[in-house]
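Asks: Before I ask anything, let me first share the structure, which is written out below as structure tokens.
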Amino acid sequence: MAITKTSDILFEISLDENHVPEKLHWTAKDGGVENEEAKAIMLNIWDSNAKETMRIDLWTKDMPVDEMKVFFHQTLVAMADTFERATADEKMSATMRDFCDYFAEKLELKSEE
């Protein structure tokens, strides 16, 4: 099947003099996102040649710790959902969700979902 279209996702990171992120913005025009501000980004890329995951984890210095905890929890829940869609492994997905519940309980996160 021939490629009929490409799409770009752009991240713009403003750094301070010590190369610490101060501002994060992202654009995904096909998704209707144009220069939106963010406080954190977690990007995972599978390198099929090396058979390993490459990662970029960034957050601004003004990202509140309580929001970082919620961000991690929501990311873990999303990973469980994605794992189930990608593998159809319902049992392990349920186990992952159990851990997400445990994680939220231990961090005393309010249910915001």
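Residues are named by chain letter and number: chains run A, B, ... in the order of the structure tokens, numbers start at 1 in each chain, and ligands are numbered from 1 in the order shown.
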Would you mind listing what lies within 6 Å of region 59-75 of chain A as a PDB file with C-alpha atoms, in the first residue's frame, with only C-alpha atoms counted and same-chain residues fewer than 6 positions away left out?

Replies:
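Generated file (around.pdb):
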```
ATOM      1  CA  PRO A  21      12.807  23.211  30.146  1.00  0.00           C
ATOM      2  CA  GLU A  22      10.930  26.392  30.986  1.00  0.00           C
ATOM      3  CA  LYS A  39       3.908  21.122  31.344  1.00  0.00           C
ATOM      4  CA  ALA A  40       5.235  17.627  30.617  1.00  0.00           C
TER       5      ALA A  40
END
```

Asks: Region 35-102 of chain A: which residues are strand (DSSP E) by DSSP, as a PyMOL selection string?

Replies: chain A and resi 35-38+40-47+52-59

Asks: Can you measure CA of Leu43 (chain A) to CA of Asp8 (chain A) for me? One decimal in Å is fine.

Replies: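 CA of Asp8 (chain A) lies 14.6 Å from CA of Leu43 (chain A).
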
Asks: For region 9-16 of chain A, please output as a count of residues only all residues within 8 Å (counting only C-alpha atoms; exclusion window: fewer than 5 positions along the same chain).

Replies: 9

Asks: So how far away is CA of Met1 (chain A) from CA of Thr87 (chain A), in Å?

Replies: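 Computing it gives 23.5 Å between the two atoms.
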
Asks: Looking at A:Ile41, A:Lys110, A:Glu17, A:Asp101, which one is nearest to Arg55 (chain A), with distances taken over only C-alpha atoms?

Replies: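 Closest to Arg55 (chain A) of all the choices is A:Ile41.
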
Asks: Do a neighbour search on Leu76 (chain A) at 9 Å with only C-alpha atoms, toss out local chain neighbours closer than 4 positions, and write the hits as number ranges by chain.

Replies: A: 71-72, 80-81, 96-97, 99-100
